[in-house]
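Trainee: A single structure is presented below for examination.
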Amino acid sequence: MATELEYESVLCVKPDVSVYRIPPRASNRGYRASDWKLDQPDWTGRLRITSKGKTAYIKLEDKVSGELFAQAPVEQYPGIAVETVTDSSRYFVIRIQDGTGRSAFIGIGFTDRGDAFDFNVSLQDHFKWVKQESEISKESQEMDARPKLDLGFKEGQTIKLSIGNITNKKGGASKPRTARGGGLSLLPPPPGGKVTIPPPSSSVAISNHVTPPPIPKSNHGGSDAALFQTRHHSHPTGSSSEWHWQDIKDRLEE
């Protein structure tokens with residue numbers, strides 16, 4: 001299912017490539033381009049390198065119609081699917097395959113060295129990316145296989161937070177807050193510990209209080225207080241204020 005979802009991308013396109021039939025390898029010393037008929041290529045056309053997933057494909061196509069002539073799947077580079085020759089940097093040996101499983105080795109070459117360089121670098125970059133993806137996938141699998149840490153709180157577990165310079169000690173008394181703007185500030189008591197209560201304002205009237213006028217001294221001897229007391233008892237039925245002032249008036253007329 002994953003292979004069906006992969007899409008094909010183009011890594012490199014070269015409009016001119018030559019294809020050669022090569023003789024079988026005689027020894028393990030490698031291929032030599034000088035053994036080929038370089039001036040008589042067996043086929044010429046366009047080369048495209050594409051990738052699908054981790055596999056790269058070297059496709060030989062017709063220049064005009066784009067029809068596929070041969071295809072070489074590459075699963076590793078350097079590897080048996082693509083080899084360089086020992087006597088030139090412009091020629092390579094690739095292994096082409098058809099849909100039936102049959103394979104053959106052919107030689108390809110580029111007229112320009114820059115095209116050969118791009119061909120080589122495109123394959124190298126693709127398999128560098130494949131290697132990095134494999135390492136990342138391996139690390140991810142190892143992380144999944146490791147036991148996961150349980151960072152949750154256990155039952156009854158608590159934590160202690162320290163905010164600023166506030167320290168909460170058991171049995172300690174907290175400092176009173178200082179009153180700021182808008183608060184009521186009380187003055188300290190005077191020395192000695194006694195507080196004097198100020199007298200009430202003189203403007204406050206005391207109800208039911210009548211101040212008697214001064215009593216003049218008598219010229220006939222005797223005390224005015226005694227006279228006042230005598231007259232007070234001699235008028236039991238009158239009002240105290242009425243006979244009091246009448247007595248003073250009679251006293252003055254005498």
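Following the order of the structure tokens, chains are lettered A, B, ..., residues in each are numbered from 1, and ligands are numbered from 1.
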What lies within 10 Å of A:Gly66 using only C-alpha atoms, ignoring chain neighbours under 4 positions off, as number ranges by chain?
Mentor: A: 45-46, 60-62
Trainee: Using only all heavy atoms, please write the residues we just selected to a file, as a compact mmCIF listing (two decimals), in the first residue's frame.
Mentor:
# COMPACT_ATOMS: atom_id res chain seq x y z
N GLY A 45 20.03 8.91 -27.81
CA GLY A 45 18.72 9.41 -27.39
C GLY A 45 18.84 10.31 -26.15
O GLY A 45 19.87 10.98 -25.94
N ARG A 46 17.78 10.33 -25.33
CA ARG A 46 17.71 11.18 -24.13
C ARG A 46 17.79 10.32 -22.88
O ARG A 46 17.26 9.21 -22.85
CB ARG A 46 16.39 11.97 -24.14
CG ARG A 46 16.18 12.88 -22.96
CD ARG A 46 14.84 13.57 -23.07
NE ARG A 46 13.72 12.63 -22.95
CZ ARG A 46 12.45 12.97 -23.15
NH1 ARG A 46 12.13 14.21 -23.51
NH2 ARG A 46 11.49 12.07 -23.03
N LEU A 60 16.29 5.43 -20.65
CA LEU A 60 16.77 5.83 -21.98
C LEU A 60 15.55 5.97 -22.88
O LEU A 60 14.82 4.99 -23.09
CB LEU A 60 17.75 4.80 -22.54
CG LEU A 60 18.98 4.51 -21.64
CD1 LEU A 60 19.82 3.37 -22.22
CD2 LEU A 60 19.81 5.76 -21.45
N GLU A 61 15.31 7.18 -23.39
CA GLU A 61 14.08 7.47 -24.13
C GLU A 61 14.42 8.09 -25.49
O GLU A 61 15.49 8.69 -25.67
CB GLU A 61 13.19 8.43 -23.32
CG GLU A 61 12.81 7.91 -21.96
CD GLU A 61 12.12 8.96 -21.09
OE1 GLU A 61 12.27 10.16 -21.40
OE2 GLU A 61 11.47 8.58 -20.10
N ASP A 62 13.47 7.96 -26.39
CA ASP A 62 13.62 8.56 -27.71
C ASP A 62 13.55 10.08 -27.58
O ASP A 62 12.73 10.61 -26.82
CB ASP A 62 12.53 8.05 -28.64
CG ASP A 62 12.72 8.55 -30.06
OD1 ASP A 62 13.49 7.94 -30.80
OD2 ASP A 62 12.06 9.57 -30.42
Trainee: Quick one: everything within 7 Å of A:Thr86, counting only C-alpha atoms, minus sequence neighbours fewer than 2 positions away in the same chain. Send it as a ChimeraX atom specification.
Mentor: /A:30-32,84,88
Trainee: Quick one: everything within 6 Å of stretch 109-125 of chain A, counting only C-alpha atoms, minus sequence neighbours fewer than 4 positions away in the same chain. Send it as a PyMOL selection string.
Mentor: chain A and resi 17-18+90-91
Trainee: Store the residues picked out above in a file with all heavy atoms, as a CSV table (one decimal), in the first residue's frame.
Mentor:
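again.csv written:
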chain,number,residue,atom,x,y,z
A,17,VAL,N,22.7,11.3,-25.1
A,17,VAL,CA,23.5,10.2,-24.5
A,17,VAL,C,23.7,9.1,-25.6
A,17,VAL,O,22.8,8.9,-26.5
A,17,VAL,CB,22.7,9.6,-23.3
A,17,VAL,CG1,21.4,9.0,-23.7
A,17,VAL,CG2,23.6,8.5,-22.6
A,18,SER,N,24.8,8.4,-25.6
A,18,SER,CA,25.1,7.3,-26.5
A,18,SER,C,25.1,6.0,-25.8
A,18,SER,O,25.6,5.9,-24.7
A,18,SER,CB,26.5,7.6,-27.2
A,18,SER,OG,26.5,8.8,-27.9
A,90,ARG,N,33.6,10.0,-18.5
A,90,ARG,CA,32.4,10.3,-19.3
A,90,ARG,C,31.6,9.1,-19.6
A,90,ARG,O,30.5,9.2,-20.2
A,90,ARG,CB,32.8,11.0,-20.6
A,90,ARG,CG,33.5,12.4,-20.3
A,90,ARG,CD,33.7,13.2,-21.6
A,90,ARG,NE,34.7,12.6,-22.5
A,90,ARG,CZ,34.4,12.0,-23.7
A,90,ARG,NH1,33.2,12.1,-24.2
A,90,ARG,NH2,35.4,11.5,-24.4
A,91,TYR,N,32.1,7.9,-19.2
A,91,TYR,CA,31.4,6.6,-19.6
A,91,TYR,C,31.1,5.8,-18.4
A,91,TYR,O,31.9,5.7,-17.4
A,91,TYR,CB,32.3,5.8,-20.6
A,91,TYR,CG,32.5,6.6,-21.9
A,91,TYR,CD1,33.7,7.4,-22.1
A,91,TYR,CD2,31.6,6.4,-23.0
A,91,TYR,CE1,33.9,8.1,-23.3
A,91,TYR,CE2,31.9,7.1,-24.2
A,91,TYR,CZ,33.0,7.9,-24.3
A,91,TYR,OH,33.2,8.6,-25.5
Trainee: Interatomic distance between atom CA of A:Lys52 and atom CA of A:Tyr20?
Mentor: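 Value for the atom CA of A:Lys52-atom CA of A:Tyr20 distance: 26.8 Å.
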Trainee: With distances taken over only C-alpha atoms, which residue among A:Val130, A:Ile58, A:Ala26, A:Val13 lies nearest A:Ile108?
Mentor: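 Nearest candidate to A:Ile108 out of A:Val130, A:Ile58, A:Ala26, A:Val13: A:Ile58.
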